[in-house]
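J.: One structure coming up, written as structure tokens, with questions to follow.
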Amino acid sequence: MEHRLVGHRLRQAREAVGLSQKAVANKIGVPRTAITQIEQGNRKISTLELSMLANLYRRGVTALLDETTTSKNEDVLVVLHRLAPSLQSDPEVNNQVEKCVDLCKVGVELKRLIGEKTRPGHPVYEVTIPRSFGEAVVQADKAADQERRRLGIGNAPISDIAELISNQGIWISSVELPNEMSGLFIHHHEIGDAIVVNSTHPKARKRFSYAHEYAHALLDRDRDITISSTENSSELVECRANAFAASFLMPRDGVSETLQTLNKGLPSRQSQIVFDVASGKSIDQEIRTPSGSQRINYKDIATLAHHFGVSYQAALYRLKSLHYINSSETKYLLPRERFGRMYLKELEMFNDLERREKPKHWNRELRREVTNLTIEAYRREEISGGRLREIATVLEIPGNTLDSLANAAVEG
């Protein structure tokens, strides 16, 4: 392999995780100059060093050597377990993930059988690897705004983000993941694109995770699998995905409009100019809002969180990023989350954000889509009754029930 090309890919992978050459050198036990020489293509990299760097950068060795054939000869589960070994530490977690992947594989098979035309799907935004936190936020805000306009949703809250993403040609599911892991984005030839989020998290957090992983689908398609966890939360691509989720779920103008309905977010002094038809001159007046009336409090944040379907903290930090509150106000309002939660509970709005879904709802979108494909394939005689019952097992639907549904479609 041409050393300069490998070095270039290694530099890109390092920058993607936000590590300096010195930090990488310390982690793998070589001088900083060795990393510099490797990235410039002036020094041959050993197999051991390449393996260590691949683990550090959360990339497969194959992906670093040849970006045109990333893990094409590997099963998606092999790649997943290599990049996220913690999934195998809990047999139940691993079983759920494998079931999810199996459903995606069945879905791909059924689409091929019925010749379903590929949906337009989601775009891929061409962005460079961010070199700073500020650049990551700018890229995220721009992509979120473009995607909202493309989808035609304006400034309105997104009622069902899982369904919205599913309609973009991405398999969607939630399964029980390790506590430190919020979600996964998988881009693999066997299943296409898939997003999996942690089913044990409350509804508002899952919505944020769906938006976060959708950012990876739009901005980070060069990776086979992207894992979002506490361990890599400081990486710039993860910061970018978080910024995208905040902007996508809580658009700037939408936040402004919501605050105005609460009579908040307005300047304390407003100039008003009225044209006087009699004199042909203008009358200038300054209107002052009552002292303290524009101060944002815990109930405003709780109301904003409920309106956009996010957590209290997500709404709080979004207001800070949009400069509606400063650092000291953020520090003051953060521990008052308990009052925000109490406020929503008394108004019977709390469960809209904090409800934890039952297991049958975890992969509802994925099961619905694969079930529809199964019935359609049977109706067109592309699969037999035996295969239909095999798929029923994967779907965890009684075989006689799916058989009745499929035959009813044939009769219709």
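Residue numbering restarts at 1 for every chain of the structure tokens, chains are lettered A, B, ... in their displayed order, and ligands are numbered from 1 as they appear.
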Taking 4 positions as the minimum chain separation for residues in the same chain, which residues sit within 10 Å of region 227-234 of chain A when counting only C-alpha atoms? Answer as a short mmCIF file (atom, residue, chain, number, x, y, z; two decimals) with C-alpha atoms, in the first residue's frame.
T.:
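Below is the file that was written, part-v6.cif:
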```
data_model
loop_
_atom_site.label_atom_id
_atom_site.label_comp_id
_atom_site.auth_asym_id
_atom_site.auth_seq_id
_atom_site.Cartn_x
_atom_site.Cartn_y
_atom_site.Cartn_z
CA VAL A 17 -11.75 11.67 16.92
CA GLY A 18 -10.19 15.00 17.94
CA LEU A 19 -6.82 13.66 19.10
CA TYR A 57 -9.66 5.71 15.95
CA ARG A 58 -12.61 3.28 16.06
CA LEU A 80 -20.08 -4.62 14.87
CA LEU A 83 -15.86 -2.12 16.93
CA ALA A 84 -18.21 -2.51 19.91
CA PHE A 133 -15.62 22.51 18.22
CA PRO A 178 -25.00 -1.16 27.40
CA ASN A 179 -25.73 1.74 29.77
CA GLU A 180 -22.89 3.86 28.45
CA MET A 181 -24.05 3.52 24.83
CA SER A 182 -26.83 5.75 23.47
CA GLY A 183 -26.95 4.50 19.89
CA LEU A 184 -25.38 3.10 16.73
CA PHE A 185 -25.34 4.03 13.07
CA ILE A 186 -24.58 1.14 10.73
CA VAL A 196 -30.32 1.61 16.64
CA VAL A 197 -30.84 3.51 19.90
CA SER A 209 -30.39 9.81 20.05
CA HIS A 212 -27.88 12.24 16.72
CA GLU A 213 -27.52 9.01 14.73
CA HIS A 216 -24.05 10.32 11.26
CA GLU A 238 -19.78 13.24 18.10
CA CYS A 239 -19.96 16.90 19.12
CA ARG A 240 -21.15 17.69 15.60
CA ALA A 241 -23.84 15.00 15.81
CA ASN A 242 -25.03 16.38 19.17
#
```
J.: Can you tell me, as a list in words, what residues are no more than 9 Å from Ile391 (chain A) when counting only C-alpha atoms, ignoring any on the same chain fewer than 6 positions away?
T.: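 Once the adjacent positions are removed, what remains is Leu103, Val106, Thr371, Thr374, Ile397 and Gly399 of chain A.
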J.: When distances are computed from only C-alpha atoms, which of A:Thr200, A:Ala23, A:Ala16, A:Leu395 shows the smallest separation from Glu365 (chain A)?
T.: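 For Glu365 (chain A), the nearest of the candidates is A:Leu395.
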J.: Tell me, which residues of region 24-232 of chain A carry DSSP strand (DSSP E or B), written as a list in words?
T.: Trp171, Ile172, Ser173, Ser174, Val175, Met181, Ser182, Gly183, Leu184, Phe185, Ile186, His187, His188, Gly192, Asp193, Ala194, Ile195, Val196, Val197, Asn198, Ile225, Thr226, Ile227, Ser228 and Ser229 of chain A
J.: Could you give me, as a list in words, the residues within 10 Å of Ala243 (chain A), counting only C-alpha atoms and dropping anything in the same chain fewer than 5 positions from it?
T.: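 Final neighbour list, sorted by chain and number: Phe133, Ala136, Val137, Val138, Gln139, Ala140, Asp141, Ala144, Ala211, His212, Ala215, Val237, Glu238, Phe248, Arg318 and Ser321 of chain A.
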J.: Which distance in Å separates CA of Pro251 (chain A) and CA of Ala156 (chain A), to one decimal?
T.: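 If I compute the distance from CA of Pro251 (chain A) to CA of Ala156 (chain A), I get 8.3 Å.
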J.: Would you please work out which residue, of A:Val78, A:Gly7, A:Ala25, A:Lys299, is nearest to Lys44 (chain A) when using only C-alpha atoms?
T.: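 For Lys44 (chain A), the nearest of the given residues is A:Gly7.
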J.: Given only C-alpha atoms as the basis, pick out the residue of A:Cys100, A:Ala409, A:Ile161, A:Val124 nearest to Lys206 (chain A).
T.: A:Ile161
J.: According to DSSP computed on the backbone, where in region 72-282 of chain A is there helix (DSSP H, G or I)? Give the residues as a PyMOL selection string.
T.: chain A and resi 76-83+85-89+91-114+133-151+161-166+203-219+230-232+236-249+252-261
J.: Keeping only C-alpha atoms, write the selected residues as a short mmCIF file (atom, residue, chain, number, x, y, z; two decimals), in the first residue's frame.
T.:
```
data_model
loop_
_atom_site.label_atom_id
_atom_site.label_comp_id
_atom_site.auth_asym_id
_atom_site.auth_seq_id
_atom_site.Cartn_x
_atom_site.Cartn_y
_atom_site.Cartn_z
CA VAL A 76 -22.02 -6.92 9.59
CA LEU A 77 -22.10 -8.60 13.01
CA VAL A 78 -18.36 -9.37 12.80
CA VAL A 79 -17.67 -5.69 12.13
CA LEU A 80 -20.08 -4.62 14.87
CA HIS A 81 -18.57 -6.90 17.50
CA ARG A 82 -15.05 -5.82 16.58
CA LEU A 83 -15.86 -2.12 16.93
CA PRO A 85 -16.95 -5.52 21.92
CA SER A 86 -19.05 -4.46 24.93
CA LEU A 87 -22.16 -5.68 23.09
CA GLN A 88 -21.06 -9.27 23.68
CA SER A 89 -20.56 -8.84 27.43
CA PRO A 91 -25.91 -12.19 26.24
CA GLU A 92 -29.37 -10.58 26.26
CA VAL A 93 -28.08 -7.33 24.76
CA ASN A 94 -26.14 -9.25 22.12
CA ASN A 95 -29.21 -11.36 21.33
CA GLN A 96 -31.37 -8.27 20.79
CA VAL A 97 -28.78 -6.64 18.52
CA GLU A 98 -28.45 -9.83 16.45
CA LYS A 99 -32.26 -10.06 16.10
CA CYS A 100 -32.33 -6.47 14.88
CA VAL A 101 -29.62 -7.16 12.28
CA ASP A 102 -31.45 -10.34 11.18
CA LEU A 103 -34.63 -8.32 10.60
CA CYS A 104 -32.69 -5.84 8.47
CA LYS A 105 -31.21 -8.68 6.41
CA VAL A 106 -34.68 -10.15 5.85
CA GLY A 107 -35.91 -6.73 4.80
CA VAL A 108 -33.11 -6.39 2.24
CA GLU A 109 -33.89 -9.87 0.88
CA LEU A 110 -37.62 -9.08 0.52
CA LYS A 111 -36.95 -5.76 -1.21
CA ARG A 112 -34.79 -7.57 -3.74
CA LEU A 113 -37.44 -10.24 -4.34
CA ILE A 114 -40.27 -7.82 -5.03
CA PHE A 133 -15.62 22.51 18.22
CA GLY A 134 -16.78 25.77 16.65
CA GLU A 135 -16.44 24.39 13.14
CA ALA A 136 -18.34 21.24 14.18
CA VAL A 137 -21.25 23.35 15.44
CA VAL A 138 -21.35 25.51 12.30
CA GLN A 139 -21.42 22.41 10.06
CA ALA A 140 -24.16 20.85 12.21
CA ASP A 141 -26.39 23.92 12.24
CA LYS A 142 -26.10 24.32 8.47
CA ALA A 143 -26.90 20.66 7.79
CA ALA A 144 -29.85 20.66 10.22
CA ASP A 145 -31.32 23.76 8.58
CA GLN A 146 -30.87 22.30 5.08
CA GLU A 147 -32.42 18.99 6.11
CA ARG A 148 -35.46 20.65 7.70
CA ARG A 149 -36.01 22.65 4.53
CA ARG A 150 -35.57 19.54 2.36
CA LEU A 151 -38.15 17.68 4.43
CA ILE A 161 -38.75 11.31 14.53
CA ALA A 162 -38.40 7.51 14.23
CA GLU A 163 -41.04 7.42 11.50
CA LEU A 164 -39.54 10.46 9.76
CA ILE A 165 -36.10 8.80 9.59
CA SER A 166 -37.60 5.46 8.55
CA LYS A 203 -38.61 8.90 25.29
CA ALA A 204 -37.05 12.38 25.14
CA ARG A 205 -33.52 11.02 25.28
CA LYS A 206 -34.30 8.40 22.61
CA ARG A 207 -35.62 11.16 20.32
CA PHE A 208 -32.34 13.03 20.75
CA SER A 209 -30.39 9.81 20.05
CA TYR A 210 -32.36 9.19 16.85
CA ALA A 211 -31.52 12.72 15.67
CA HIS A 212 -27.88 12.24 16.72
CA GLU A 213 -27.52 9.01 14.73
CA TYR A 214 -29.32 10.60 11.78
CA ALA A 215 -26.53 13.17 11.74
CA HIS A 216 -24.05 10.32 11.26
CA ALA A 217 -26.16 9.04 8.36
CA LEU A 218 -26.02 12.47 6.72
CA LEU A 219 -22.46 13.46 7.55
CA THR A 230 -19.78 8.25 26.97
CA GLU A 231 -16.33 6.99 26.02
CA ASN A 232 -16.15 8.92 22.74
CA LEU A 236 -15.51 16.27 17.24
CA VAL A 237 -17.75 14.15 15.00
CA GLU A 238 -19.78 13.24 18.10
CA CYS A 239 -19.96 16.90 19.12
CA ARG A 240 -21.15 17.69 15.60
CA ALA A 241 -23.84 15.00 15.81
CA ASN A 242 -25.03 16.38 19.17
CA ALA A 243 -25.15 19.91 17.77
CA PHE A 244 -27.10 18.65 14.75
CA ALA A 245 -29.63 16.87 16.99
CA ALA A 246 -30.19 20.02 19.06
CA SER A 247 -30.61 22.20 15.98
CA PHE A 248 -32.73 19.65 14.10
CA LEU A 249 -35.12 19.05 17.00
CA ARG A 252 -33.50 28.51 16.02
CA ASP A 253 -36.61 30.22 14.63
CA GLY A 254 -38.88 27.64 16.24
CA VAL A 255 -37.34 28.31 19.64
CA SER A 256 -37.76 32.05 19.09
CA GLU A 257 -41.43 31.65 18.16
CA THR A 258 -42.11 29.45 21.18
CA LEU A 259 -40.45 31.87 23.56
CA GLN A 260 -42.51 34.71 22.13
CA THR A 261 -45.72 32.81 22.91
#
```
J.: Name all residues at most 10 Å from Val410 (chain A) (count only C-alpha atoms; drop same-chain ones fewer than 6 positions away) and give them as a ChimeraX atom specification.
T.: /A:375-376,378-381,404
J.: Find the residues around Asn400 (chain A) up to 12 Å (only C-alpha atoms counted), leave out those fewer than 3 positions away in its own chain, and share them as a VMD selection string.
T.: chain A and resid 385 to 386 388 to 393 396 to 397 403 to 407
J.: Counting only C-alpha atoms, figure out which residue out of A:Ala314, A:Asn198, A:Ser174, A:Arg223 gets nearest to His361 (chain A).
T.: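 Of A:Ala314, A:Asn198, A:Ser174, A:Arg223, the one nearest His361 (chain A), counting only C-alpha atoms, is A:Ser174.
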J.: Can you work out the spacing between CA of Leu333 (chain A) and CA of Tyr298 (chain A) in Å, to one decimal?
T.: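 Separation between CA of Leu333 (chain A) and CA of Tyr298 (chain A): 6.4 Å.
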